[in-house]
Every structure is written in structure tokens, then in C-alpha cells.
Amino acid sequence: MQKEPRLNSQPERELDVLILAAGLGKRMKSRQAKVIHHLGGRPLIAHVCRVAQSLNPRRIYVVVGHQGEKVGAAVREELDEDRAALINQSRQLGTGDAVMSARPALQDAESIVLILSGDVPLVRNETLRALLEAHRSGGGACTILSVRMENPTGYGRIVRDEEGCFLKIVEQKDASAEERQIREINSGIYCFDSSKLFNALERVEPANQQGEYYLTDVPATLLSDSEPVNVYLHSDAREVAGVNTRAELAEFENLLRRNAIRRLMLEDGVTFIDPSHAYVSAEAQVGRDCVIYPDVQIEGKTVIGDSCEIRSGTRITNSRIGDNVVIKDHCVIVDSDVASHCSVGPFAHLRMNTRLEEGSAVGNFVEVKKSRLGRGSKSMHLTYLGDATIGEKTNIGAGTVTCNYDGKQKHETIIEDNVKIGSDTMLVAPVTVGSGSVTGAGSVVTKDVPPDSLVAGVPAVIKKRLIERDDEKEG
């Protein structure tokens, strides 16, 4: 078994990560910065930040520019606050200028600087660890991660000498006809010794029409200083590819989806009726013997238990579903919990931390918001339950509304155990319906109802129920 490379094995050579995320990304044809476009439900920059943090570096620096506040917010959402720092690139003069923006923070760090691009979301921890190990063992001032591509058009080429050693990186537009035949390309991922990086970078000149400073010129500058420059050739070009257009973003999304579904089928025992017409987040978990019908979307960090049936048209986002749950057609479940042996839908909507306890059910066109439905309770038709706490074995009739908003603030409705709410009942919150009570159809309940009461009318009249108990029958 191959041993995992030991990062930070030399205390004086700690790891810092620098993520370049300042560009707008003109080819995206968008008003928002490229790195905050979403892939798999998360911004592109979030994917890169997550893999950077998994390397356990001393510090992660993110260079921002276009829409820096929005990019910074996405970064802070993903990274530990004590480990992340934002650096503003004010001039937008290329990748070399972006790295130079971090000079005050990194030049005297005497660290290894791993440079990543904010638009390369699929790069893996294992690949970066292998690059770092190659840099440490190679003894160079710089190590470049390269890949070979069948069609390298548009990418900078890695030019080597007759002995296979690095000579330079040449961009597509500057390459000769012979150099354009080279299939080995620069991935844009590098390791540098921090002090040597900035000493070379300050001598880079903007020898192009855009007046930009290119980081790709730094390795050749180091080589001219007799500093060793190494190349780590990686086998998977797709893993280190960047997202430059919306078409490429869609291709990456499709790749993530297919990989997630294949993993669930092969490793977790999930059945997909039509895998090509389902979407599952890479972060989602689905249990054994679940059956997923076409046109189902399972998003975010959703967790679904064993032996569930998810019917067509349903979307589940950042929710937890227990075992043996049936979710019928065209339901929306967001930020909610559904316990085992529940039934939901069709056409139901659960949101804002709704909780269905074990064995409960909601049916056709029922919306439940920020509410709890107790064990064995049911609301099967055309109902709105908002800011409500509902006990066990309670039945909510068709057309019931918890009137929770008075125009200024929301109020809570409490319905206790073994209650029967008649069709078209209006429960004007704040209000409590005691256990064992019944409301007649069309009632408007504006006052608390004691246990074992009968409520009817507009406004509702409360009467004590005459209850024939089982022990009285036997007596």
C-alpha cells in the first residue's frame, strides 16, 4: 500500500495555499464573477476552497477582484475563519499581478506556496498531495502540474529539452507550428518556494498587447537563475480542467451527476428507474434498496434512509428522510426532516425545518412550514400548516388553515393529541386546541379550546364533548 505523503514534515517549510479568483470570466457571458457560478449546488470557488482546506495548510489566501464581496462571502462560507485571508487585486493585470498582490503576506513566510485557480472544481486532494510530495522530493524552486490532452488547443504548452527537462511554458498564441504539436499542457497549478517565487516575479515584464503580467513566465525566469524547475505529469486531464464557458459548466454538472448516480447504484444498492433523468448531488446520501423514479432531484446534503420510494417530479433539498418513506409525485421538501414510515404527497410542500414524526402523513396539496406533525397524525388534503405543533394521532381535515400571520408577526398554533379538525377549519393563531377535541366543518377558532371539547360555528362555540369511554362500555 502506498503511504500518504507527509505534509509539513519540515517545520520550516510549511504549506500556504494561494487561490486565484479575481477574474470576471468574460467567456461566461455573465454579469457575475465566474467563480461564484454554481456547480453541484455550490459556487465553483467553494469546491476549490474545500480541497485546499483538506490539505491542512497553515493559511489559505484567496485573491479577489471582480465582485470581491460576493466571492469573499462564498469563501467565508466554506473556510475556517482563522485560516482564510482575502487579498484584493486592484489592477486586474493578469495572473502574475494577482500573485504579486499576495507578496506582503507570503514573501517572508519561507513556505511552500501551492497556487490553485478558483475555476478548477474537480481537482482532488490525492492529486495535490502527490504534487506536493514531488515538489519536496524534487528539490526544485518550482514544480508545475501538467497533463497530456488529445486536443491541447488554447492551452499553454510545456516545452522540454532533448533530455526531457523543462525549458519553458509557451502560450498558444505565441507558439510556433512545431510547439503547437505538443500535447503536454500547463494546468495552472504550481508549487513554489515563496521567496524565490517573488524574486522572480518582480522581473516579469508584460510582453503582450494586454499589458498583463503572466505567472507562466516565472518558471523560465527561475530556470535562467539556475534554479531547478520540475514538472509533475498527471494522468487525468479532466480533473484539472477549468470552467470557462456555460457549456463547460453544464458538462461538469453532468459529470458530477453521472458519477454520483453510478456510485449510489454500485456501492449503495440504490435503484434508478432511469439514471439519465435523475439528479443527485455529490454530497447526498441515499440508503440501500431505495427506488428513485425519473425526474427526481436530490440536492445539497440530503440524507435518505433505506427502502424509500421517491416518485417522479420530486425535489428534496438539504433534508433528512428516514427508512421506508414513500414520497409521491411532484413534492418539494426543503430543509426538513421526515421520519421513518411516513407518506408525503402527491403535490406536497415541506419547508423551513418542518418535522414529520414517525408514521405521519401529508397528502395532496398540503403545505407545511416550520411545523411538527406528531406520530401517526395525518393531513391529507388541501391544507396549510404554518408555525404549528401538532400532537400524535391527530387528523387534519381538508381545507384547514392555520392563520399564523396578523400583518406584523407570525403566531403559533398548537394542536394536541387525538384531535379531529373538521374540513375548512380556520385556526386563528395564537391558539391551542386541547387533546381529544373536535372542530366542526367550517369552524373559525379564535380562542383556546380545552381538552375534550366540541367546536363549531363562526365564531366557534365551544362545548364539552360527551365521550363514551371504553371502560364505561365494559362496566
# chains A, B, ... in the order shown; residues from 1 in each chain; ligands from 1
call {"tool": "select_by_dssp", "arguments": {"residues": "range 88-210 of chain A", "states": "helix (DSSP H, G or I)", "output": "PyMOL selection string"}}
result
chain A and resi 95-100+103-106+125-138+172-174+179-181+194-201
call {"tool": "residues_around", "arguments": {"residues": "range 89-91 of chain A", "least_positions_apart": "2", "cutoff": "8 Å", "atoms": "only C-alpha atoms", "output": "list in words"}}
result
Ala22, Val63, Val64, Gly65, Ile87, Leu93, Asp97, Ala98 and Ser101 of chain A
call {"tool": "write_last_selection", "arguments": {"atoms": "C-alpha atoms", "output": "PDB file, in the first residue's frame"}}
result
ATOM      1  CA  ALA A  22     -10.137  37.745  -9.167  1.00  0.00           C
ATOM      2  CA  VAL A  63      -7.100  36.748  -4.383  1.00  0.00           C
ATOM      3  CA  VAL A  64     -10.359  38.531  -5.237  1.00  0.00           C
ATOM      4  CA  GLY A  65     -11.184  41.328  -7.640  1.00  0.00           C
ATOM      5  CA  ILE A  87      -6.392  39.661  -0.812  1.00  0.00           C
ATOM      6  CA  LEU A  93      -3.316  42.873 -14.787  1.00  0.00           C
ATOM      7  CA  ASP A  97      -0.136  40.591 -10.901  1.00  0.00           C
ATOM      8  CA  ALA A  98      -2.656  38.521  -8.918  1.00  0.00           C
ATOM      9  CA  SER A 101      -0.866  41.045  -4.686  1.00  0.00           C
TER      10      SER A 101
END
call {"tool": "closest_residue", "arguments": {"among": "A:Arg27, A:Arg42, A:Lys196, A:His349", "to": "Leu222 in chain A", "atoms": "only C-alpha atoms"}}
result
A:Lys196
call {"tool": "residues_around", "arguments": {"residues": "Val444 in chain A", "least_positions_apart": "2", "cutoff": "8 Å", "atoms": "only C-alpha atoms", "output": "JSON list (two decimals) with N, CA, C and O atoms, in the first residue's frame"}}
result
[["chain", "number", "residue", "atom", "x", "y", "z"],
["A", 425, "THR", "N", -61.66, 24.25, 8.56],
["A", 425, "THR", "CA", -61.49, 24.94, 9.84],
["A", 425, "THR", "C", -60.39, 26.00, 9.71],
["A", 425, "THR", "O", -59.32, 25.74, 9.16],
["A", 426, "MET", "N", -60.67, 27.21, 10.25],
["A", 426, "MET", "CA", -59.67, 28.27, 10.32],
["A", 426, "MET", "C", -59.21, 28.37, 11.77],
["A", 426, "MET", "O", -60.03, 28.62, 12.67],
["A", 427, "LEU", "N", -57.92, 28.18, 12.00],
["A", 427, "LEU", "CA", -57.36, 28.26, 13.33],
["A", 427, "LEU", "C", -56.57, 29.56, 13.42],
["A", 427, "LEU", "O", -55.48, 29.68, 12.86],
["A", 428, "VAL", "N", -57.14, 30.56, 14.10],
["A", 428, "VAL", "CA", -56.57, 31.91, 14.12],
["A", 428, "VAL", "C", -55.57, 31.99, 15.28],
["A", 428, "VAL", "O", -55.95, 32.10, 16.45],
["A", 442, "GLY", "N", -65.97, 24.01, 8.77],
["A", 442, "GLY", "CA", -66.20, 25.43, 8.59],
["A", 442, "GLY", "C", -66.04, 26.28, 9.83],
["A", 442, "GLY", "O", -66.38, 27.46, 9.82],
["A", 446, "THR", "N", -60.95, 31.10, 17.32],
["A", 446, "THR", "CA", -60.17, 32.28, 17.71],
["A", 446, "THR", "C", -59.72, 32.23, 19.16],
["A", 446, "THR", "O", -58.95, 33.10, 19.58],
["A", 456, "ALA", "N", -67.74, 24.47, 17.03],
["A", 456, "ALA", "CA", -68.48, 24.60, 15.78],
["A", 456, "ALA", "C", -68.93, 26.04, 15.61],
["A", 456, "ALA", "O", -69.17, 26.75, 16.59],
["A", 457, "GLY", "N", -69.03, 26.48, 14.35],
["A", 457, "GLY", "CA", -69.63, 27.78, 14.06],
["A", 457, "GLY", "C", -68.62, 28.87, 13.75],
["A", 457, "GLY", "O", -67.42, 28.69, 13.81],
["A", 458, "VAL", "N", -69.20, 30.06, 13.42],
["A", 458, "VAL", "CA", -68.41, 31.26, 13.11],
["A", 458, "VAL", "C", -69.01, 32.43, 13.86],
["A", 458, "VAL", "O", -70.12, 32.88, 13.54],
["A", 459, "PRO", "N", -68.35, 32.98, 14.90],
["A", 459, "PRO", "CA", -67.14, 32.39, 15.51],
["A", 459, "PRO", "C", -67.49, 31.11, 16.25],
["A", 459, "PRO", "O", -68.66, 30.86, 16.57],
["A", 460, "ALA", "N", -66.51, 30.30, 16.51],
["A", 460, "ALA", "CA", -66.75, 28.97, 17.04],
["A", 460, "ALA", "C", -67.31, 29.02, 18.45],
["A", 460, "ALA", "O", -66.89, 29.84, 19.28]]
call {"tool": "residues_around", "arguments": {"residues": "His277 in chain A", "least_positions_apart": "6", "cutoff": "8 Å", "atoms": "only C-alpha atoms", "output": "ChimeraX atom specification"}}
result
/A:294-296
call {"tool": "write_last_selection", "arguments": {"atoms": "all heavy atoms", "output": "PDB file, in the first residue's frame"}}
result
ATOM      1  N   PRO A 294     -37.893   8.565 -12.452  1.00  0.00           N
ATOM      2  CA  PRO A 294     -37.369   9.633 -13.322  1.00  0.00           C
ATOM      3  C   PRO A 294     -37.773  11.026 -12.841  1.00  0.00           C
ATOM      4  O   PRO A 294     -38.798  11.211 -12.178  1.00  0.00           O
ATOM      5  CB  PRO A 294     -38.009   9.324 -14.681  1.00  0.00           C
ATOM      6  CG  PRO A 294     -38.326   7.870 -14.627  1.00  0.00           C
ATOM      7  CD  PRO A 294     -38.679   7.579 -13.201  1.00  0.00           C
ATOM      8  N   ASP A 295     -36.931  12.000 -13.199  1.00  0.00           N
ATOM      9  CA  ASP A 295     -37.180  13.424 -12.926  1.00  0.00           C
ATOM     10  C   ASP A 295     -37.201  13.743 -11.430  1.00  0.00           C
ATOM     11  O   ASP A 295     -37.911  14.652 -11.001  1.00  0.00           O
ATOM     12  CB  ASP A 295     -38.484  13.889 -13.589  1.00  0.00           C
ATOM     13  CG  ASP A 295     -38.431  13.727 -15.097  1.00  0.00           C
ATOM     14  OD1 ASP A 295     -37.369  14.004 -15.681  1.00  0.00           O
ATOM     15  OD2 ASP A 295     -39.437  13.293 -15.686  1.00  0.00           O
ATOM     16  N   VAL A 296     -36.443  13.015 -10.650  1.00  0.00           N
ATOM     17  CA  VAL A 296     -36.264  13.320  -9.229  1.00  0.00           C
ATOM     18  C   VAL A 296     -34.975  14.114  -9.067  1.00  0.00           C
ATOM     19  O   VAL A 296     -33.962  13.813  -9.698  1.00  0.00           O
ATOM     20  CB  VAL A 296     -36.219  12.038  -8.394  1.00  0.00           C
ATOM     21  CG1 VAL A 296     -35.722  12.307  -6.972  1.00  0.00           C
ATOM     22  CG2 VAL A 296     -37.586  11.376  -8.347  1.00  0.00           C
TER      23      VAL A 296
END
call {"tool": "residues_around", "arguments": {"residues": "range 316-327 of chain A", "least_positions_apart": "5", "cutoff": "9 Å", "atoms": "only C-alpha atoms", "output": "ChimeraX atom specification"}}
result
/A:284,287,290,296-311,332-346,353,358-359
call {"tool": "residues_around", "arguments": {"residues": "Leu116 in chain A", "least_positions_apart": "3", "cutoff": "8 Å", "atoms": "only C-alpha atoms", "output": "ChimeraX atom specification"}}
result
/A:17-20,48,120,188-190
call {"tool": "closest_residue", "arguments": {"among": "A:Leu55, A:Ala102, A:Val286, A:Ala46", "to": "Leu79 in chain A", "atoms": "only C-alpha atoms"}}
result
A:Ala46
call {"tool": "select_by_dssp", "arguments": {"residues": "range 11-179 of chain A", "states": "strand (DSSP E or B)", "output": "number ranges by chain"}}
result
A: 15-21, 38-39, 42-43, 59-65, 67, 84-88, 112-117, 142-148, 157-160, 166-170
call {"tool": "atom_distance", "arguments": {"atom1": "CA of Gly68 in chain A", "atom2": "CA of Cys49 in chain A"}}
result
15.4 Å
call {"tool": "atom_distance", "arguments": {"atom1": "CA of Leu114 in chain A", "atom2": "CA of Val35 in chain A"}}
result
18.6 Å
call {"tool": "closest_residue", "arguments": {"among": "A:Leu24, A:Val51, A:Leu44, A:Met380", "to": "Ala74 in chain A", "atoms": "only C-alpha atoms"}}
result
A:Leu44
call {"tool": "atom_distance", "arguments": {"atom1": "CA of Asp16 in chain A", "atom2": "CA of Arg76 in chain A"}}
result
17.2 Å
call {"tool": "residues_around", "arguments": {"residues": "Val218 in chain A", "least_positions_apart": "5", "cutoff": "8 Å", "atoms": "only C-alpha atoms", "output": "NGL selection string"}}
result
:A and (197 or 200-201 or 204)
call {"tool": "closest_residue", "arguments": {"among": "A:Leu356, A:Val243, A:Val159, A:Ala52", "to": "Ile36 in chain A", "atoms": "only C-alpha atoms"}}
result
A:Val243
